[in-house]
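Trainee: One structure, as structure tokens, below. Some questions next.
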Protein chains: 2
Amino acid sequence: MQIAIMGFGTIGSGVAELLLKNNKSIVAKSGQASMEIKYILDIRDFDNHALRDCFTKNFDDIVNDPSVRVVVECMGGLEPAFTYVSSCLAAGKDVVTSNKELVAEKGYELLEIAKKNNVNFLFEASVGGGIPIIRPISSCLAANEIEEIAGILNGTTNFILTKMFTEQTSFEDALAQAQQNGYAERNPAADIEGHDAARKICILASLCFGKHIYPGSVETVGITGITAEDVAYAADWGGTIKLIGRAKKLNDEKICATVGPCLIQAHSQLANVNDVFNAILVRGDAIGDVVFYGRGAGKFPTASAVVADVIDCARHSTKRKLFGWGAPEDGYVLDAELQNSSLYVRADTDDYVAAFNAVNRAFDQPQILHREGEPKSEIAFVTPVLREKEARAAIAALPMRMKTILRVLDY
Amino acid sequence: MQIAIMGFGTIGSGVAELLLKNNKSIVAKSGQASMEIKYILDIRDFDNHALRDCFTKNFDDIVNDPSVRVVVECMGGLEPAFTYVSSCLAAGKDVVTSNKELVAEKGYELLEIAKKNNVNFLFEASVGGGIPIIRPISSCLAANEIEEIAGILNGTTNFILTKMFTEQTSFEDALAQAQQNGYAERNPAADIEGHDAARKICILASLCFGKHIYPGSVETVGITGITAEDVAYAADWGGTIKLIGRAKKLNDEKICATVGPCLIQAHSQLANVNDVFNAILVRGDAIGDVVFYGRGAGKFPTASAVVADVIDCARHSTKRKLFGWGAPEDGYVLDAELQNSSLYVRADTDDYVAAFNAVNRAFDQPQILHREGEPKSEIAFVTPVLREKEARAAIAALPMRMKTILRVLDY
């Protein structure tokens, strides 16, 4: 079977290396006589590369060659990826992508083009790097009604938060370390502001709930507001702070979807996920909670997922997989404040006793937190579980200046 | 599509309930017009059951009915399960099973019968209950050469060890609690002696390494020898003790496979898996370590995996999945002492100083462990990583009476 790779950056080159390195077992698993790279599309020159005869700068070479059965897209970004992928699907080729932006923004359109042309459009690598998650949700958990999905979906921010918790590094220093280590994505703002995680939770939510969810409908908060004080209070509470992408059913008809830093308890399966690792929790009505853990980014972990999809295309070369989701629906994603939540609050006050009493009047058994070196002007507490809209209104009415408000999760 | 269920115990009845409860979404995912239970085979009477018209005591009703496309086997045990499953596959029906003993002992034969008859034989539920693991290994990780697989595969023993660690319960009391809670399998010896975990690691190893591995070739040690003293020393070392089923490549041609209690560090993704939960770690050359966590047993988690396989059969109703492993190979599983390991040792001695000096002469930088209330007659230590055969010989030559020797893992 002939394969084309579009984009020869970190992931595209990893895909090529992996296809060559493990070729024998990959061929055996594919059910094909061979698995060969025919083209590599990149605007740069690779005249001295071992695969130099495969390189082209002309997309038409790929789309017009009927011997190319599977096209791998690792270019990133919306364009020209969307145009190229659409054209390949329309030309009757299976497409495999690692491009989360493409799937989050254009997944439904591309799945429809794939369906119309009876080809596969697969994207296991677009969420969680090499962690198997797309296929397990669509196949292994197919007997479940999914109630909620939540995960640590961005390695850069998890590295930063891990440094802040385990080494008391400041946010700024931890970010600098992440950049020195090459963990930050092309645009670091996309990581620390939560947009990368928002794209990934959109893909997972679309798959779990069956309708395309766009990043624009996800309440997205980054980690730039998290301070050493919050870290200390979270530790006193008995947990940690993680950037969690979540989507959950609010009722039979609607969901909410959020990305933001959350308090989670130390014994949670998500609390012990450190450095650049990712983990995704799926809550189903039959299975309960399952968690998938591994490397959420990086050359070979991501290439591992891409090549698995290529093998799957080869296995299904005469048949389209039943896979994907339906059209977006206006009003399907509700305001996240309609859920019931427990909230963590840190605030400044001119009168601690008055603030303390106000918190105790406003909430039934709030949990007051403490930290070493806590000034008299600071108060921190965790509310009981309440409808969030009302809890936030009650918090806003308290006699104090809000510094941080975070959701508290109970996984 | 018409389905038959053989065995209406905990899992079989869970499968029926789940097929009815989530029927609408299951049908949608199956690509079939309907998903209906036609027969339930059980030797008992269910005259007042809502599905009473489905019950039969005659296997021939199922195997001779061409309208039955998928047969679910939840009877457990080798016979008559093997005879019935073989007959169904030979009759051109897909078979889904939750029966680990059947797959571990007869998997290769049944996969061959399935291949010959161009039907599917699926067994996601046979390992890890509802945790997606069989399909992720065979599909999502297909681009990897698997180097090692290791897991907490038995909920009963994990419950017991968790009680021993977190509440300092004795082994006997923890076992009694497990039995009171209904966690023990039909034969509790199969759990505590490690045989249940051995069957499961055989299935995983067969899938990862491509040749049928029989339970007889797995070095199997249970948890009955673990004492409060070992628990205390493991805590001093900075970890915990878990019953781990493992299979790993020793070289390009051979593997070793073991089940036994092992020390694992507190920060390991396997250390934090408590009570009846299971977790499975897969180490691939491209992906690194991935971990799958969830409920490894129970009515609905296991039924979730069975029904997912049924849906997969429906999706592939005209095509057999490329899936399974090859014939067993004599000498493929080597003696586990050929691996390199670090070992934990607890022993009695008449002369602590002499014993201490002997340990330090025998090993380069052994880690001596301590516990509260440690008598002068007791010594415990962890060896450096060595070829295990030599390390065990050196330990046997030490001037002390061995009480416990466990492998130390570094996941």
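Within each chain, counting starts at residue 1; across the structure tokens, chains are named A, B, ... in the order shown, with ligands numbered 1 upward in that order.
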For chain A, report every residue with an atom at most 9 Å from chain B (counting only C-alpha atoms), formatted as a ChimeraX atom specification.

Mentor: /A:18-19,22-23,25-26,29-31,124,129-133,135-145,267-269,272-273,285-295,299-309,311-312,315,321-323

Trainee: Hey, what's within 9 Å of Gly107 in chain A if we count only C-alpha atoms and toss same-chain stuff fewer than 2 positions away? As a list in words, please?

Mentor: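 Near neighbours after the sequence-gap exclusion: Leu102, Val103, Ala104, Glu105, Glu109, Leu110, Leu111, Glu112, Ile203, His212, Gly324 and Trp325 of chain A.
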
Trainee: What does the distance between CA of Lys24 in chain B and CA of Ile37 in chain B come to in Å, to one decimal place?

Mentor: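 One can read the CA of Lys24 in chain B to CA of Ile37 in chain B distance as 14.0 Å.
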
Trainee: Could you list, as a tab-separated table (two decimals) with N, CA and C atoms, in the first residue's frame, every residue within 12 Å of Ala114 in chain B, counting only C-alpha atoms and ignoring same-chain residues fewer than 6 positions away?

Mentor:
chain	number	residue	atom	x	y	z
B	85	VAL	N	-18.39	-22.94	22.17
B	85	VAL	CA	-17.80	-21.83	21.40
B	85	VAL	C	-17.26	-22.34	20.06
B	86	SER	N	-16.54	-23.48	20.09
B	86	SER	CA	-16.02	-24.06	18.84
B	86	SER	C	-17.16	-24.33	17.87
B	87	SER	N	-18.25	-24.90	18.37
B	87	SER	CA	-19.38	-25.24	17.50
B	87	SER	C	-20.01	-23.99	16.89
B	88	CYS	N	-20.13	-22.93	17.69
B	88	CYS	CA	-20.73	-21.70	17.17
B	88	CYS	C	-19.84	-21.08	16.09
B	89	LEU	N	-18.53	-21.03	16.34
B	89	LEU	CA	-17.61	-20.49	15.33
B	89	LEU	C	-17.68	-21.32	14.05
B	90	ALA	N	-17.69	-22.66	14.22
B	90	ALA	CA	-17.75	-23.55	13.05
B	90	ALA	C	-19.06	-23.38	12.29
B	91	ALA	N	-20.11	-22.97	13.02
B	91	ALA	CA	-21.41	-22.74	12.38
B	91	ALA	C	-21.49	-21.36	11.75
B	92	GLY	N	-20.37	-20.63	11.75
B	92	GLY	CA	-20.36	-19.33	11.06
B	92	GLY	C	-20.85	-18.17	11.90
B	93	LYS	N	-20.87	-18.35	13.22
B	93	LYS	CA	-21.32	-17.26	14.10
B	93	LYS	C	-20.11	-16.58	14.75
B	94	ASP	N	-20.18	-15.27	14.90
B	94	ASP	CA	-19.18	-14.57	15.71
B	94	ASP	C	-19.41	-14.94	17.17
B	95	VAL	N	-18.31	-15.04	17.93
B	95	VAL	CA	-18.42	-15.32	19.36
B	95	VAL	C	-17.67	-14.26	20.16
B	96	VAL	N	-18.32	-13.80	21.24
B	96	VAL	CA	-17.73	-12.86	22.19
B	96	VAL	C	-17.70	-13.54	23.55
B	107	GLY	N	-7.19	-20.15	23.48
B	107	GLY	CA	-7.29	-19.00	22.58
B	107	GLY	C	-6.80	-19.28	21.16
B	108	TYR	N	-5.64	-19.88	21.06
B	108	TYR	CA	-5.08	-20.11	19.72
B	108	TYR	C	-5.99	-21.02	18.90
B	120	ASN	N	-15.57	-13.76	13.67
B	120	ASN	CA	-14.81	-13.09	14.73
B	120	ASN	C	-14.90	-13.83	16.05
B	121	PHE	N	-13.78	-13.88	16.77
B	121	PHE	CA	-13.74	-14.39	18.14
B	121	PHE	C	-13.11	-13.28	18.99
B	122	LEU	N	-13.92	-12.59	19.78
B	122	LEU	CA	-13.47	-11.41	20.52
B	122	LEU	C	-13.59	-11.62	22.03
B	319	LYS	N	-17.18	-8.97	7.47
B	319	LYS	CA	-15.72	-9.07	7.33
B	319	LYS	C	-15.10	-9.46	8.66
B	320	ARG	N	-14.14	-10.37	8.59
B	320	ARG	CA	-13.45	-10.79	9.79
B	320	ARG	C	-12.39	-9.75	10.15
B	321	LYS	N	-12.25	-9.48	11.44
B	321	LYS	CA	-11.20	-8.57	11.89
B	321	LYS	C	-9.85	-9.27	11.85
B	322	LEU	N	-8.81	-8.53	11.49
B	322	LEU	CA	-7.45	-9.05	11.57
B	322	LEU	C	-7.03	-8.94	13.01
B	323	PHE	N	-6.93	-10.04	13.70
B	323	PHE	CA	-6.86	-9.95	15.14
B	323	PHE	C	-6.45	-11.28	15.72
B	324	GLY	N	-5.58	-11.28	16.72
B	324	GLY	CA	-5.25	-12.52	17.40
B	324	GLY	C	-3.77	-12.76	17.48

Trainee: Quick one: DSSP helix (DSSP H, G or I) residues in range 330-367 of chain A, as a PyMOL selection string?

Mentor: chain A and resi 336-338+352-362

Trainee: Restricting the calculation to only C-alpha atoms: of A:Gln367, A:Asn357, A:Asn340, A:Ser170, which residue gets closest to Ala234 in chain A?

Mentor: A:Gln367

Trainee: Tell me, which residues of range 190-262 of chain A carry DSSP strand (DSSP E), written as a PyMOL selection string?

Mentor: chain A and resi 219-220+239-249+255-262

Trainee: Skip Leu398 in chain A itself and residues of its chain fewer than 4 positions away, then list as an MDAnalysis selection string all residues within 12 Å of it, counting only C-alpha atoms.

Mentor: chainID A and resid 345:349 351:352 354:363 379 391:394 402

Trainee: Write the residues of the preceding selection, restricted to N, CA and C atoms, as a PDB file, in the first residue's frame.

Mentor:
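Contents of selection29.pdb, as written:
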ATOM      1  N   VAL A 345     -12.081  29.445  46.703  1.00  0.00           N
ATOM      2  CA  VAL A 345     -12.016  30.899  46.628  1.00  0.00           C
ATOM      3  C   VAL A 345     -10.822  31.395  47.450  1.00  0.00           C
ATOM      4  N   ARG A 346     -10.047  32.314  46.859  1.00  0.00           N
ATOM      5  CA  ARG A 346      -9.013  33.030  47.619  1.00  0.00           C
ATOM      6  C   ARG A 346      -9.285  34.512  47.440  1.00  0.00           C
ATOM      7  N   ALA A 347      -9.268  35.248  48.537  1.00  0.00           N
ATOM      8  CA  ALA A 347      -9.640  36.669  48.462  1.00  0.00           C
ATOM      9  C   ALA A 347      -8.858  37.482  49.482  1.00  0.00           C
ATOM     10  N   ASP A 348      -8.827  38.788  49.260  1.00  0.00           N
ATOM     11  CA  ASP A 348      -8.252  39.719  50.234  1.00  0.00           C
ATOM     12  C   ASP A 348      -9.380  40.369  51.022  1.00  0.00           C
ATOM     13  N   THR A 349      -9.106  40.638  52.291  1.00  0.00           N
ATOM     14  CA  THR A 349     -10.131  41.253  53.124  1.00  0.00           C
ATOM     15  C   THR A 349      -9.473  42.266  54.060  1.00  0.00           C
ATOM     16  N   ASP A 351     -10.954  42.859  56.933  1.00  0.00           N
ATOM     17  CA  ASP A 351     -11.436  42.428  58.257  1.00  0.00           C
ATOM     18  C   ASP A 351     -11.670  40.921  58.208  1.00  0.00           C
ATOM     19  N   TYR A 352     -10.656  40.154  58.627  1.00  0.00           N
ATOM     20  CA  TYR A 352     -10.723  38.698  58.487  1.00  0.00           C
ATOM     21  C   TYR A 352     -11.930  38.117  59.225  1.00  0.00           C
ATOM     22  N   ALA A 354     -14.798  39.462  60.024  1.00  0.00           N
ATOM     23  CA  ALA A 354     -16.050  39.758  59.315  1.00  0.00           C
ATOM     24  C   ALA A 354     -16.162  38.887  58.060  1.00  0.00           C
ATOM     25  N   ALA A 355     -15.033  38.718  57.357  1.00  0.00           N
ATOM     26  CA  ALA A 355     -15.043  37.891  56.146  1.00  0.00           C
ATOM     27  C   ALA A 355     -15.340  36.436  56.501  1.00  0.00           C
ATOM     28  N   PHE A 356     -14.677  35.943  57.538  1.00  0.00           N
ATOM     29  CA  PHE A 356     -14.873  34.570  58.006  1.00  0.00           C
ATOM     30  C   PHE A 356     -16.348  34.326  58.354  1.00  0.00           C
ATOM     31  N   ASN A 357     -16.930  35.265  59.095  1.00  0.00           N
ATOM     32  CA  ASN A 357     -18.330  35.113  59.483  1.00  0.00           C
ATOM     33  C   ASN A 357     -19.255  35.173  58.275  1.00  0.00           C
ATOM     34  N   ALA A 358     -18.917  36.033  57.322  1.00  0.00           N
ATOM     35  CA  ALA A 358     -19.757  36.155  56.119  1.00  0.00           C
ATOM     36  C   ALA A 358     -19.732  34.860  55.306  1.00  0.00           C
ATOM     37  N   VAL A 359     -18.554  34.254  55.216  1.00  0.00           N
ATOM     38  CA  VAL A 359     -18.432  32.982  54.487  1.00  0.00           C
ATOM     39  C   VAL A 359     -19.284  31.913  55.175  1.00  0.00           C
ATOM     40  N   ASN A 360     -19.231  31.884  56.488  1.00  0.00           N
ATOM     41  CA  ASN A 360     -19.991  30.876  57.224  1.00  0.00           C
ATOM     42  C   ASN A 360     -21.497  31.119  57.182  1.00  0.00           C
ATOM     43  N   ARG A 361     -21.880  32.374  57.031  1.00  0.00           N
ATOM     44  CA  ARG A 361     -23.307  32.657  56.865  1.00  0.00           C
ATOM     45  C   ARG A 361     -23.770  32.288  55.458  1.00  0.00           C
ATOM     46  N   ALA A 362     -22.901  32.537  54.486  1.00  0.00           N
ATOM     47  CA  ALA A 362     -23.305  32.344  53.074  1.00  0.00           C
ATOM     48  C   ALA A 362     -23.372  30.862  52.693  1.00  0.00           C
ATOM     49  N   PHE A 363     -22.519  30.035  53.329  1.00  0.00           N
ATOM     50  CA  PHE A 363     -22.433  28.624  52.910  1.00  0.00           C
ATOM     51  C   PHE A 363     -22.571  27.685  54.105  1.00  0.00           C
ATOM     52  N   ILE A 379      -8.065  35.385  52.914  1.00  0.00           N
ATOM     53  CA  ILE A 379      -8.959  34.290  53.305  1.00  0.00           C
ATOM     54  C   ILE A 379      -9.125  33.345  52.127  1.00  0.00           C
ATOM     55  N   ALA A 391     -23.912  29.888  43.666  1.00  0.00           N
ATOM     56  CA  ALA A 391     -22.702  29.933  44.497  1.00  0.00           C
ATOM     57  C   ALA A 391     -21.851  31.138  44.114  1.00  0.00           C
ATOM     58  N   ARG A 392     -21.727  31.382  42.815  1.00  0.00           N
ATOM     59  CA  ARG A 392     -20.906  32.519  42.372  1.00  0.00           C
ATOM     60  C   ARG A 392     -21.538  33.854  42.765  1.00  0.00           C
ATOM     61  N   ALA A 393     -22.847  33.906  42.722  1.00  0.00           N
ATOM     62  CA  ALA A 393     -23.533  35.139  43.149  1.00  0.00           C
ATOM     63  C   ALA A 393     -23.289  35.377  44.633  1.00  0.00           C
ATOM     64  N   ALA A 394     -23.367  34.299  45.422  1.00  0.00           N
ATOM     65  CA  ALA A 394     -23.135  34.428  46.862  1.00  0.00           C
ATOM     66  C   ALA A 394     -21.695  34.859  47.141  1.00  0.00           C
ATOM     67  N   MET A 402     -11.979  39.430  45.432  1.00  0.00           N
ATOM     68  CA  MET A 402     -11.673  38.101  44.893  1.00  0.00           C
ATOM     69  C   MET A 402     -10.322  38.090  44.184  1.00  0.00           C
TER      70      MET A 402
END

Trainee: Given the choices A:Ile160, A:Glu17, A:Leu369, A:Gly331, which gets closest to Gly238 in chain A if the distance is worked out from only C-alpha atoms?

Mentor: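 Under the stated criterion, the closest residue is A:Leu369.
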
Trainee: For a test of reading the model, state the distance in Å between CA of Phe46 in chain B and CA of Phe8 in chain B, rounded to one decimal.

Mentor: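 Between CA of Phe46 in chain B and CA of Phe8 in chain B the gap works out to 9.7 Å.
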
Trainee: Please measure the separation of CA of Ile201 in chain B and CA of Lys403 in chain B, giving the value in Å to one decimal.

Mentor: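 Atom-to-atom, CA of Ile201 in chain B and CA of Lys403 in chain B are spaced 26.6 Å apart.
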